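Okay, data38.cif is below, mmCIF, C-alpha atoms:
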```
data_entry
loop_
_atom_site.label_atom_id
_atom_site.label_comp_id
_atom_site.auth_asym_id
_atom_site.auth_seq_id
_atom_site.Cartn_x
_atom_site.Cartn_y
_atom_site.Cartn_z
CA MET A 1 -27.80 -0.60 -13.79
CA THR A 2 -30.78 -2.24 -15.48
CA SER A 3 -32.46 -5.33 -14.02
CA VAL A 4 -30.77 -8.64 -14.87
CA THR A 5 -32.65 -11.59 -16.37
CA ASP A 6 -31.79 -15.28 -15.95
CA ASP A 7 -30.31 -15.28 -19.47
CA ASP A 8 -28.19 -12.23 -18.60
CA ARG A 9 -26.83 -13.99 -15.51
CA ARG A 10 -25.97 -17.11 -17.48
CA ALA A 11 -24.21 -15.08 -20.17
CA PHE A 12 -22.32 -13.09 -17.53
CA GLY A 13 -21.29 -16.29 -15.76
CA ALA A 14 -20.11 -17.88 -19.00
CA ARG A 15 -18.06 -14.74 -19.73
CA ILE A 16 -16.38 -14.94 -16.31
CA ALA A 17 -15.69 -18.67 -16.70
CA GLY A 18 -14.24 -18.16 -20.17
CA LEU A 19 -11.90 -15.34 -19.11
CA ARG A 20 -10.80 -17.32 -16.08
CA ALA A 21 -10.04 -20.35 -18.26
CA GLU A 22 -8.01 -18.16 -20.62
CA ARG A 23 -5.83 -17.25 -17.65
CA GLY A 24 -5.34 -20.95 -16.90
CA MET A 25 -6.84 -20.71 -13.40
CA THR A 26 -9.11 -23.15 -11.60
CA GLN A 27 -12.18 -21.91 -9.76
CA LYS A 28 -10.38 -22.43 -6.45
CA GLN A 29 -7.33 -20.44 -7.57
CA PHE A 30 -9.36 -17.56 -8.98
CA ALA A 31 -11.66 -17.44 -5.96
CA ALA A 32 -8.63 -17.17 -3.68
CA GLU A 33 -7.21 -14.35 -5.81
CA ILE A 34 -10.37 -12.25 -5.50
CA GLY A 35 -11.04 -13.11 -1.85
CA ARG A 36 -14.23 -15.10 -2.50
CA THR A 37 -15.21 -18.71 -1.90
CA PRO A 38 -15.15 -21.33 -4.68
CA SER A 39 -18.86 -22.01 -4.06
CA TRP A 40 -19.70 -18.32 -4.64
CA LEU A 41 -17.67 -18.26 -7.87
CA SER A 42 -19.26 -21.51 -9.03
CA GLN A 43 -22.74 -20.04 -8.58
CA VAL A 44 -21.74 -16.88 -10.45
CA GLU A 45 -20.36 -18.87 -13.37
CA ARG A 46 -23.49 -21.03 -13.51
CA GLY A 47 -25.71 -17.95 -13.58
CA VAL A 48 -27.26 -18.71 -10.19
CA GLN A 49 -25.69 -15.87 -8.23
CA PRO A 50 -26.22 -12.34 -9.63
CA VAL A 51 -23.46 -9.73 -9.42
CA ASN A 52 -24.95 -6.25 -9.32
CA ARG A 53 -22.65 -4.27 -7.03
CA LEU A 54 -20.19 -2.03 -8.85
CA ASP A 55 -17.29 -2.73 -6.46
CA VAL A 56 -17.67 -6.50 -7.02
CA LEU A 57 -17.75 -5.99 -10.79
CA ARG A 58 -14.56 -3.92 -10.52
CA LEU A 59 -12.96 -6.68 -8.43
CA LEU A 60 -13.73 -9.24 -11.13
CA GLY A 61 -12.70 -6.94 -13.96
CA ASP A 62 -9.37 -6.04 -12.36
CA ALA A 63 -8.56 -9.70 -11.70
CA LEU A 64 -9.46 -10.72 -15.26
CA GLY A 65 -7.73 -7.75 -16.90
CA VAL A 66 -10.87 -6.28 -18.49
CA SER A 67 -13.02 -3.24 -17.83
CA VAL A 68 -16.30 -3.31 -15.93
CA GLN A 69 -18.09 -2.37 -19.15
CA ASP A 70 -16.58 -5.43 -20.86
CA LEU A 71 -18.30 -7.56 -18.24
CA ARG A 72 -21.51 -5.56 -17.98
CA PRO A 73 -22.10 -3.02 -20.79
CA ASP A 74 -24.86 -1.37 -18.74
CA ALA A 75 -22.52 -0.63 -15.80
CA PRO A 76 -22.39 3.09 -14.90
CA GLN A 77 -19.39 5.23 -15.80
CA GLY A 78 -17.93 8.56 -14.68
CA SER A 79 -19.88 10.56 -12.10
CA GLU A 80 -22.67 7.98 -12.01
CA ALA A 81 -20.16 5.30 -11.05
CA ARG A 82 -18.57 7.51 -8.40
CA ALA A 83 -21.98 8.05 -6.85
CA GLN A 84 -22.26 4.30 -6.34
CA ASP A 85 -18.83 3.91 -4.78
CA PRO A 86 -18.76 2.63 -1.18
CA ALA A 87 -18.30 5.08 1.67
CA PRO A 88 -14.70 6.11 2.37
CA ASN A 89 -12.65 3.98 4.73
CA ASP A 90 -12.10 5.34 8.23
CA LEU A 91 -8.35 5.32 7.56
CA ASP A 92 -8.50 7.29 4.30
CA GLN A 93 -7.41 10.42 6.15
CA ALA A 94 -4.57 8.49 7.78
CA ARG A 95 -3.30 7.47 4.33
CA LEU A 96 -2.71 11.14 3.60
CA LEU A 97 -0.35 11.31 6.57
CA ILE A 98 2.07 8.93 4.85
CA SER A 99 1.68 10.54 1.42
CA GLY A 100 4.73 12.70 0.85
CA HIS A 101 7.19 14.23 3.30
CA PRO A 102 5.81 14.52 6.84
CA ALA A 103 7.33 17.90 7.81
CA LEU A 104 8.10 20.06 4.77
CA ASP A 105 7.71 23.30 6.74
CA VAL A 106 10.69 22.30 8.88
CA VAL A 107 12.79 21.41 5.83
CA LEU A 108 12.49 24.96 4.48
CA ALA A 109 12.78 26.69 7.85
CA THR A 110 15.53 29.33 7.93
CA GLU A 111 15.44 29.79 11.70
CA GLY A 112 16.62 27.46 14.43
CA PRO A 113 14.48 24.88 16.22
CA GLY A 114 11.01 26.02 17.23
CA GLU A 115 9.15 25.29 20.45
CA THR A 116 10.46 22.53 22.68
CA PRO A 117 8.12 19.53 22.46
CA ASP A 118 6.39 18.34 25.63
CA LEU A 119 7.53 14.72 25.80
CA ALA A 120 4.97 13.76 28.45
CA ASP A 121 2.20 15.16 26.30
CA LEU A 122 3.46 13.35 23.20
CA SER A 123 3.77 10.11 25.15
CA SER A 124 0.19 10.44 26.36
CA ASP A 125 -0.94 10.97 22.76
CA VAL A 126 0.78 7.79 21.60
CA ASP A 127 -0.76 5.80 24.47
CA SER A 128 -4.18 7.07 23.35
CA ILE A 129 -3.39 6.11 19.75
CA TRP A 130 -2.69 2.55 20.83
CA ARG A 131 -5.86 2.34 22.92
CA SER A 132 -7.83 3.23 19.80
CA ALA A 133 -5.82 0.73 17.73
CA HIS A 134 -6.37 -2.11 20.22
CA GLY A 135 -10.05 -1.21 20.33
CA ASP A 136 -10.34 -1.22 16.52
CA ARG A 137 -11.77 2.32 16.74
CA PHE A 138 -10.34 3.38 13.40
CA ALA A 139 -12.17 6.68 13.00
CA GLU A 140 -10.82 7.83 16.39
CA LEU A 141 -7.38 6.47 15.54
CA SER A 142 -7.29 8.37 12.27
CA ALA A 143 -8.28 11.61 14.00
CA GLU A 144 -5.71 11.14 16.76
CA LEU A 145 -2.95 10.39 14.29
CA GLY A 146 -3.94 13.45 12.28
CA ARG A 147 -3.27 15.58 15.34
CA SER A 148 -0.24 13.77 16.76
CA LEU A 149 1.82 12.34 13.91
CA PRO A 150 2.76 15.72 12.35
CA ARG A 151 3.75 16.98 15.82
CA LEU A 152 5.94 13.93 16.36
CA GLU A 153 7.57 14.27 12.95
CA ARG A 154 8.34 17.93 13.58
CA ALA A 155 9.62 17.16 17.06
CA THR A 156 12.20 14.71 15.70
CA ARG A 157 13.65 17.64 13.76
CA THR A 158 13.27 20.44 16.30
CA ALA A 159 13.80 18.81 19.70
CA ALA A 160 17.04 19.20 21.60
CA ALA A 161 19.59 16.50 20.79
CA LYS A 162 19.16 14.87 24.22
CA ASP A 163 15.41 14.49 23.67
CA ARG A 164 15.45 13.20 20.12
CA PRO A 165 15.94 9.48 20.92
CA GLU A 166 12.77 9.56 23.06
CA VAL A 167 10.82 11.39 20.35
CA TYR A 168 11.97 8.89 17.72
CA ALA A 169 10.85 6.04 20.00
CA LEU A 170 7.39 7.62 20.30
CA LEU A 171 7.25 8.15 16.55
CA ALA A 172 8.11 4.49 15.96
CA ARG A 173 5.27 3.42 18.29
CA ALA A 174 2.81 5.68 16.46
CA TYR A 175 3.78 4.19 13.11
CA HIS A 176 3.49 0.69 14.63
CA ALA A 177 -0.13 1.49 15.50
CA LEU A 178 -0.83 2.89 12.07
CA SER A 179 0.66 -0.15 10.35
CA ALA A 180 -1.35 -2.54 12.53
CA ALA A 181 -4.57 -0.66 11.76
CA PHE A 182 -3.88 -0.62 8.03
CA VAL A 183 -3.34 -4.40 8.08
CA ARG A 184 -6.66 -4.96 9.84
CA GLN A 185 -8.42 -2.70 7.32
CA ASN A 186 -6.82 -4.64 4.43
CA GLU A 187 -4.77 -1.59 3.37
CA ALA A 188 -1.57 -3.60 3.07
CA ASP A 189 0.34 -1.20 0.82
CA ALA A 190 -0.11 1.60 3.35
CA ALA A 191 0.78 -0.80 6.19
CA TRP A 192 4.09 -1.51 4.42
CA VAL A 193 4.93 2.21 4.26
CA ALA A 194 4.00 2.79 7.91
CA ALA A 195 6.01 -0.23 9.06
CA ASP A 196 9.04 0.89 7.09
CA ARG A 197 8.84 4.34 8.70
CA SER A 198 8.54 2.76 12.12
CA ILE A 199 11.72 0.75 11.54
CA SER A 200 13.62 3.88 10.49
CA ALA A 201 12.40 5.84 13.52
CA ALA A 202 13.16 2.95 15.87
CA GLU A 203 16.74 2.68 14.66
CA ARG A 204 17.26 6.42 15.20
CA SER A 205 15.88 6.08 18.72
CA GLY A 206 18.69 3.70 19.60
CA ARG A 207 16.21 1.14 20.92
CA ALA A 208 17.20 -1.98 19.04
CA LEU A 209 14.20 -4.11 20.02
CA ASP A 210 11.82 -1.47 18.61
CA VAL A 211 13.38 -2.22 15.21
CA PHE A 212 12.30 -5.84 15.54
CA ALA A 213 8.79 -4.72 16.49
CA GLY A 214 8.70 -2.77 13.24
CA ILE A 215 9.78 -5.86 11.32
CA PHE A 216 6.89 -7.76 12.95
CA ARG A 217 4.49 -5.13 11.54
CA LEU A 218 6.23 -5.29 8.16
CA ALA A 219 5.83 -9.06 7.98
CA HIS A 220 2.09 -8.74 8.63
CA ALA A 221 1.83 -6.23 5.78
CA PHE A 222 3.53 -8.73 3.48
CA VAL A 223 1.07 -11.44 4.57
CA ARG A 224 -1.88 -9.22 3.65
CA LEU A 225 -0.22 -8.56 0.29
CA LYS A 226 0.12 -12.35 -0.12
CA ARG A 227 3.86 -11.85 -0.47
CA TYR A 228 4.55 -14.89 1.65
CA ASP A 229 8.18 -15.18 0.60
CA GLN A 230 8.86 -11.61 1.75
CA ALA A 231 6.91 -12.16 4.97
CA GLU A 232 8.88 -15.30 5.72
CA HIS A 233 12.20 -13.64 4.93
CA ALA A 234 11.48 -10.62 7.15
CA ALA A 235 10.17 -12.63 10.10
CA ARG A 236 12.69 -15.47 9.85
CA SER A 237 15.76 -13.24 9.62
CA ALA A 238 14.56 -11.23 12.62
CA ALA A 239 13.71 -14.37 14.61
CA ASN A 240 17.12 -15.91 13.91
CA VAL A 241 18.95 -12.86 15.25
CA LEU A 242 16.66 -12.60 18.28
CA ARG A 243 17.09 -16.30 19.02
CA ARG A 244 20.86 -15.87 19.30
CA HIS A 245 20.27 -12.84 21.52
CA THR A 246 17.84 -14.63 23.85
CA ASP A 247 20.04 -17.72 24.08
CA ASP A 248 22.51 -15.62 26.07
CA PRO A 249 21.37 -15.72 29.74
CA GLU A 250 23.07 -12.39 30.41
CA ARG A 251 21.21 -10.57 27.63
CA VAL A 252 17.80 -12.22 27.52
CA THR A 253 14.84 -10.05 28.59
CA GLU A 254 11.10 -10.64 28.75
CA GLU A 255 10.63 -7.98 26.08
CA ALA A 256 12.96 -9.82 23.69
CA LEU A 257 11.17 -13.10 24.35
CA SER A 258 7.81 -11.46 23.63
CA LEU A 259 9.11 -10.25 20.29
CA LEU A 260 10.61 -13.64 19.44
CA GLY A 261 7.35 -15.40 20.25
CA ALA A 262 5.35 -12.91 18.19
CA LEU A 263 7.66 -13.45 15.20
CA HIS A 264 7.09 -17.22 15.44
CA LEU A 265 3.35 -16.54 15.33
CA VAL A 266 3.82 -14.50 12.14
CA LEU A 267 5.72 -17.42 10.64
CA ALA A 268 2.91 -19.79 11.66
CA LEU A 269 0.47 -17.54 9.81
CA VAL A 270 2.72 -17.44 6.74
CA TYR A 271 2.97 -21.22 6.59
CA ALA A 272 -0.76 -21.69 7.22
CA ARG A 273 -1.63 -19.34 4.35
CA SER A 274 0.91 -21.21 2.20
CA GLU A 275 -0.77 -24.52 3.15
CA ASP A 276 2.42 -25.75 4.85
CA ARG A 277 0.77 -27.68 7.67
CA SER A 278 3.91 -29.00 9.38
CA GLY A 279 5.65 -25.63 9.20
CA ALA A 280 2.66 -23.81 10.69
CA ARG A 281 2.33 -26.28 13.57
CA LYS A 282 6.06 -26.14 14.29
CA GLU A 283 5.98 -22.35 14.62
CA VAL A 284 2.93 -22.44 16.90
CA GLU A 285 4.78 -24.87 19.18
CA CYS A 286 7.82 -22.57 19.22
CA ALA A 287 5.57 -19.69 20.30
CA ARG A 288 3.93 -21.90 22.97
CA ARG A 289 7.32 -22.75 24.48
CA ILE A 290 8.24 -19.08 24.71
CA ALA A 291 4.81 -18.22 26.19
CA ARG A 292 5.30 -20.88 28.87
CA GLN A 293 8.71 -19.39 29.60
CA LEU A 294 7.10 -15.98 30.14
CA ALA A 295 4.21 -17.59 32.07
CA SER A 296 1.88 -14.59 31.74
CA ASP A 297 0.13 -12.45 29.13
CA ARG A 298 2.13 -9.33 28.42
CA ASN A 299 1.87 -6.31 26.15
CA ASP A 300 5.46 -5.53 25.25
CA PHE A 301 5.58 -3.39 22.10
CA ASP A 302 1.75 -3.52 22.07
CA LEU A 303 1.94 -7.14 20.85
CA GLU A 304 -0.22 -8.68 23.61
CA PHE A 305 2.04 -11.73 23.47
CA GLY A 306 1.51 -14.46 26.03
CA PRO A 307 -0.12 -17.88 26.54
CA THR A 308 -3.64 -16.68 25.73
CA ASN A 309 -2.71 -14.85 22.56
CA VAL A 310 -0.70 -17.83 21.34
CA GLU A 311 -3.82 -19.97 21.58
CA ILE A 312 -5.88 -17.30 19.81
CA GLN A 313 -3.36 -17.46 16.98
CA ALA A 314 -3.44 -21.26 17.10
CA VAL A 315 -7.20 -21.06 16.48
CA SER A 316 -6.60 -18.78 13.48
CA VAL A 317 -3.93 -21.10 12.08
CA ALA A 318 -6.20 -24.15 12.51
CA VAL A 319 -9.03 -22.40 10.65
CA ASP A 320 -6.69 -21.39 7.81
CA LEU A 321 -5.56 -25.03 7.55
CA GLY A 322 -9.16 -26.25 7.48
CA ASP A 323 -8.91 -27.94 10.89
CA ALA A 324 -12.18 -26.48 12.13
CA GLY A 325 -12.76 -29.06 14.86
CA GLU A 326 -9.38 -28.34 16.42
CA ALA A 327 -10.05 -24.59 16.21
CA VAL A 328 -13.34 -24.96 18.06
CA HIS A 329 -11.77 -27.24 20.67
CA ILE A 330 -9.00 -24.73 21.45
CA GLY A 331 -10.98 -21.53 21.06
CA GLU A 332 -14.07 -22.30 23.09
CA ALA A 333 -11.92 -23.22 26.09
CA LEU A 334 -10.16 -19.83 26.09
CA ASP A 335 -10.89 -16.87 28.35
CA ALA A 336 -9.62 -13.80 26.49
CA SER A 337 -11.68 -11.26 28.45
CA HIS A 338 -8.53 -9.62 29.88
CA LEU A 339 -7.11 -8.92 26.42
CA SER A 340 -8.00 -6.04 24.11
CA ALA A 341 -11.28 -5.84 22.21
CA GLU A 342 -9.32 -6.48 19.02
CA ARG A 343 -7.92 -9.81 20.32
CA GLN A 344 -11.31 -10.89 21.68
CA ALA A 345 -12.97 -10.01 18.37
CA ARG A 346 -10.32 -11.93 16.45
CA LEU A 347 -11.03 -15.05 18.50
CA ALA A 348 -14.79 -14.70 18.05
CA MET A 349 -14.42 -14.12 14.31
CA ASP A 350 -12.21 -17.19 13.86
CA LEU A 351 -14.63 -19.32 15.88
CA GLY A 352 -17.36 -18.09 13.55
CA ARG A 353 -15.23 -19.14 10.58
CA ALA A 354 -14.57 -22.54 12.17
CA HIS A 355 -18.25 -23.24 12.83
CA ALA A 356 -19.05 -22.10 9.29
CA GLN A 357 -16.57 -24.69 7.96
CA LEU A 358 -18.37 -27.31 10.07
CA ARG A 359 -21.75 -26.12 8.70
CA HIS A 360 -22.87 -25.17 12.22
CA GLY A 361 -24.91 -22.22 10.99
CA GLY A 362 -26.37 -21.15 14.34
CA GLU A 363 -23.06 -21.26 16.22
CA ALA A 364 -21.24 -19.53 13.38
CA LEU A 365 -23.80 -16.72 13.40
CA ARG A 366 -23.55 -16.39 17.20
CA TRP A 367 -19.78 -15.96 17.09
CA PHE A 368 -19.85 -13.57 14.14
CA LEU A 369 -22.37 -11.39 15.95
CA ARG A 370 -20.14 -11.44 19.02
CA ALA A 371 -17.15 -10.39 16.89
CA GLU A 372 -19.20 -7.62 15.31
CA GLU A 373 -20.28 -6.40 18.74
CA LEU A 374 -16.64 -6.13 19.81
CA SER A 375 -15.25 -4.77 16.55
CA PRO A 376 -17.63 -4.02 13.66
CA GLU A 377 -14.77 -2.81 11.47
CA MET A 378 -12.89 -6.11 11.75
CA VAL A 379 -15.75 -8.26 10.51
CA GLN A 380 -16.61 -5.82 7.74
CA SER A 381 -13.04 -5.60 6.44
CA HIS A 382 -11.83 -9.18 6.89
CA VAL A 383 -12.04 -10.99 3.57
CA ALA A 384 -12.22 -14.51 5.02
CA ALA A 385 -14.92 -13.56 7.53
CA ARG A 386 -17.07 -11.96 4.85
CA ALA A 387 -16.56 -15.03 2.67
CA ALA A 388 -17.72 -17.26 5.52
CA VAL A 389 -20.85 -15.12 6.03
CA ARG A 390 -21.51 -15.28 2.30
CA ASP A 391 -21.13 -19.07 2.41
CA LEU A 392 -23.62 -19.28 5.28
CA MET A 393 -26.09 -17.30 3.19
CA LEU A 394 -25.61 -19.59 0.18
CA VAL A 395 -26.09 -22.72 2.30
CA ALA A 396 -29.16 -21.32 4.07
CA GLY A 397 -30.74 -20.02 0.86
CA ARG A 398 -34.31 -18.82 1.25
CA SER A 399 -34.44 -20.14 4.82
CA ALA A 400 -31.61 -17.86 6.02
CA PRO A 401 -32.57 -16.37 9.41
CA VAL A 402 -33.23 -12.65 9.56
CA GLU A 403 -30.16 -12.02 11.77
CA LEU A 404 -27.91 -13.69 9.19
CA LYS A 405 -29.42 -11.65 6.36
CA ARG A 406 -28.88 -8.45 8.28
CA LEU A 407 -25.28 -9.42 9.10
CA ALA A 408 -24.65 -10.16 5.42
CA GLU A 409 -26.03 -6.75 4.48
CA ARG A 410 -23.91 -4.96 7.09
CA THR A 411 -20.75 -6.74 5.98
CA ASP A 412 -21.46 -6.44 2.22
CA ALA A 413 -21.56 -10.22 1.99
CA MET A 414 -24.76 -10.44 -0.06
CA ALA A 415 -23.19 -10.46 -3.52
#
```
In structure tokens, what does this structure look like?
Amino acid sequence: MTSVTDDDRRAFGARIAGLRAERGMTQKQFAAEIGRTPSWLSQVERGVQPVNRLDVLRLLGDALGVSVQDLRPDAPQGSEARAQDPAPNDLDQARLLISGHPALDVVLATEGPGETPDLADLSSDVDSIWRSAHGDRFAELSAELGRSLPRLERATRTAAAKDRPEVYALLARAYHALSAAFVRQNEADAAWVAADRSISAAERSGRALDVFAGIFRLAHAFVRLKRYDQAEHAARSAANVLRRHTDDPERVTEEALSLLGALHLVLALVYARSEDRSGARKEVECARRIARQLASDRNDFDLEFGPTNVEIQAVSVAVDLGDAGEAVHIGEALDASHLSAERQARLAMDLGRAHAQLRHGGEALRWFLRAEELSPEMVQSHVAARAAVRDLMLVAGRSAPVELKRLAERTDAMA
């Protein structure tokens, strides 16, 4: 695209402001819709902040219902535009795994079942998949799923009847991992599909609690889609049933309690994102009571539920509610070193967000760099984290430290 003058920026900003006003949206509402901060949008509309990246122009155009060329006539089209597209996501290949039927060759097979699957080998594969998921190593995860998921899908159709429940349980776990990864990469539509498949596989396995684990993943997909009513319905209905189950002393298990606590944490997130302060705090307290009942950090259904993870989620909820001081108070007292890299990175990222809200630029940068060290993909894909980095850049202006500028470049938070 051609260079942009001050007059061009002002005209572009006025165009954005006019289209937004036509939709009857405030700056705060529109900024939330596109995953940016109100201060960033304000600077764009005043012609202070240039918008040159094609993906940001597309984001604005899609949200306003106009083409990129309507916003910027000099924007590239066709092959030129494709050449400027960002690099493919590490999970792009994994999306293909849930596109269409997973085992068509078996559907058309005229012979009986093929080779007997090695359950120990499949189980080892799924354990490896979850290690990659907990480590936020999405390229490895995608490759592992590419090898293992088709084998699991075929095995559910070719294994001996006595082995099929175990294969379905492994398949459900694999789809749980895929759904969790899609959520963290902001691929919520794919996360929904993967979670739905996990629920179906779990029910066929005969392991009832695995169904509830799938609903946990489904609720997180709805949160990322900003379908808070659906997220609340899924998590609340599951929590209500589990509560009745765990109230029976003869049926309660630690695994069921872990699931119940995790579902309360999903509800806390739903209410925090919906700006329901009392509801969010109530759900965090419910999760805390269950964590105290368990008394230790666990990893049932790969949820990492326990006292430490509850407090990590409490930090996230506090940041979402704008209670940055509380988030810092809770988070900086936590030792999460025994949890996965993904959980540690989440805590560091939310502490970065909290310090950014408090305008503690140096501390915010320190925590964001720590989160990036643990999980580069998380910081790069998390909308709120990138918005916080962008805000730090806007506040710092020309005096932004080199490390902050480099972080903003790595996370695409410059525009």
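Taking atom CA of Ser258 of chain A and atom CA of Leu351 of chain A as endpoints, the distance between them is 25.0 Å.
Listed by chain and then by number, the residues chosen by the PyMOL selection byres ((chain A and resi 216) around 8) in this file are A:Phe212, A:Ala213, A:Gly214, A:Ile215, A:Arg217, A:Leu218, A:Ala219, A:His220, A:Ala234, A:Ala235, A:Ala262, A:Leu263, A:Val266.
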On this structure, which residues satisfy the PyMOL selection byres ((chain A and resi 15-21) around 9), written as a VMD selection string? chain A and resid 10 to 14 22 to 27 30 42 44 to 46 60 64 to 65 71
Residues at most 12 Å from segment 32-35 of chain A, counting only C-alpha atoms, excluding those fewer than 3 positions away in the same chain, as an MDAnalysis selection string? chainID A and resid 20 25:29 38:41 55:64 186 224:226 273:274 381:388 390 413
Spatial neighbours of Ser200 of chain A, max dist 9 Å, all atoms listed in the file, sep filter under 5 positions, as number ranges by chain: A: 168, 172, 195, 205, 211, 214
Check what the PyMOL selection byres ((chain A and resi 133-140) around 6) selects in the file above and give those residues as a ChimeraX atom specification. /A:90,130-132,141-143,340-342
Can you give me all heavy atoms for segment 375-382 of chain A, written as a CSV table (one decimal), in the coordinates of the input?
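The resulting part.csv:
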```
chain,number,residue,atom,x,y,z
A,375,SER,N,-16.0,-5.5,17.5
A,375,SER,CA,-15.2,-4.8,16.6
A,375,SER,C,-15.9,-4.9,15.2
A,375,SER,O,-15.6,-5.7,14.4
A,375,SER,CB,-13.8,-5.3,16.4
A,375,SER,OG,-13.1,-4.6,15.4
A,376,PRO,N,-16.9,-4.0,14.9
A,376,PRO,CA,-17.6,-4.0,13.7
A,376,PRO,C,-16.7,-3.9,12.5
A,376,PRO,O,-16.9,-4.6,11.4
A,376,PRO,CB,-18.6,-2.8,13.8
A,376,PRO,CG,-18.7,-2.5,15.2
A,376,PRO,CD,-17.4,-2.9,15.8
A,377,GLU,N,-15.7,-3.0,12.6
A,377,GLU,CA,-14.8,-2.8,11.5
A,377,GLU,C,-14.0,-4.1,11.1
A,377,GLU,O,-13.8,-4.3,9.9
A,377,GLU,CB,-13.8,-1.7,11.8
A,377,GLU,CG,-14.4,-0.3,12.0
A,377,GLU,CD,-14.7,-0.1,13.5
A,377,GLU,OE1,-14.8,-1.1,14.3
A,377,GLU,OE2,-15.0,1.1,13.8
A,378,MET,N,-13.7,-4.9,12.1
A,378,MET,CA,-12.9,-6.1,11.8
A,378,MET,C,-13.7,-7.1,10.9
A,378,MET,O,-13.2,-7.6,9.9
A,378,MET,CB,-12.5,-6.8,13.0
A,378,MET,CG,-11.7,-8.1,12.8
A,378,MET,SD,-11.3,-9.0,14.3
A,378,MET,CE,-10.0,-7.9,14.9
A,379,VAL,N,-14.9,-7.3,11.3
A,379,VAL,CA,-15.8,-8.3,10.5
A,379,VAL,C,-16.0,-7.7,9.1
A,379,VAL,O,-16.0,-8.4,8.1
A,379,VAL,CB,-17.1,-8.6,11.3
A,379,VAL,CG1,-17.9,-9.5,10.5
A,379,VAL,CG2,-16.8,-9.1,12.6
A,380,GLN,N,-16.3,-6.4,9.0
A,380,GLN,CA,-16.6,-5.8,7.7
A,380,GLN,C,-15.4,-5.8,6.8
A,380,GLN,O,-15.6,-5.8,5.6
A,380,GLN,CB,-17.1,-4.4,8.0
A,380,GLN,CG,-18.5,-4.4,8.7
A,380,GLN,CD,-18.9,-3.0,9.2
A,380,GLN,OE1,-18.2,-2.0,8.9
A,380,GLN,NE2,-19.9,-2.9,10.0
A,381,SER,N,-14.2,-5.7,7.3
A,381,SER,CA,-13.0,-5.6,6.4
A,381,SER,C,-12.3,-6.9,6.2
A,381,SER,O,-11.4,-7.0,5.3
A,381,SER,CB,-12.1,-4.5,7.0
A,381,SER,OG,-11.5,-5.0,8.3
A,382,HIS,N,-12.6,-7.9,7.0
A,382,HIS,CA,-11.8,-9.2,6.9
A,382,HIS,C,-12.4,-10.0,5.8
A,382,HIS,O,-13.5,-10.5,5.8
A,382,HIS,CB,-11.9,-9.9,8.2
A,382,HIS,CG,-10.8,-11.0,8.3
A,382,HIS,ND1,-10.9,-12.2,7.8
A,382,HIS,CD2,-9.6,-11.0,8.9
A,382,HIS,CE1,-9.8,-12.9,8.0
A,382,HIS,NE2,-9.0,-12.2,8.7
```
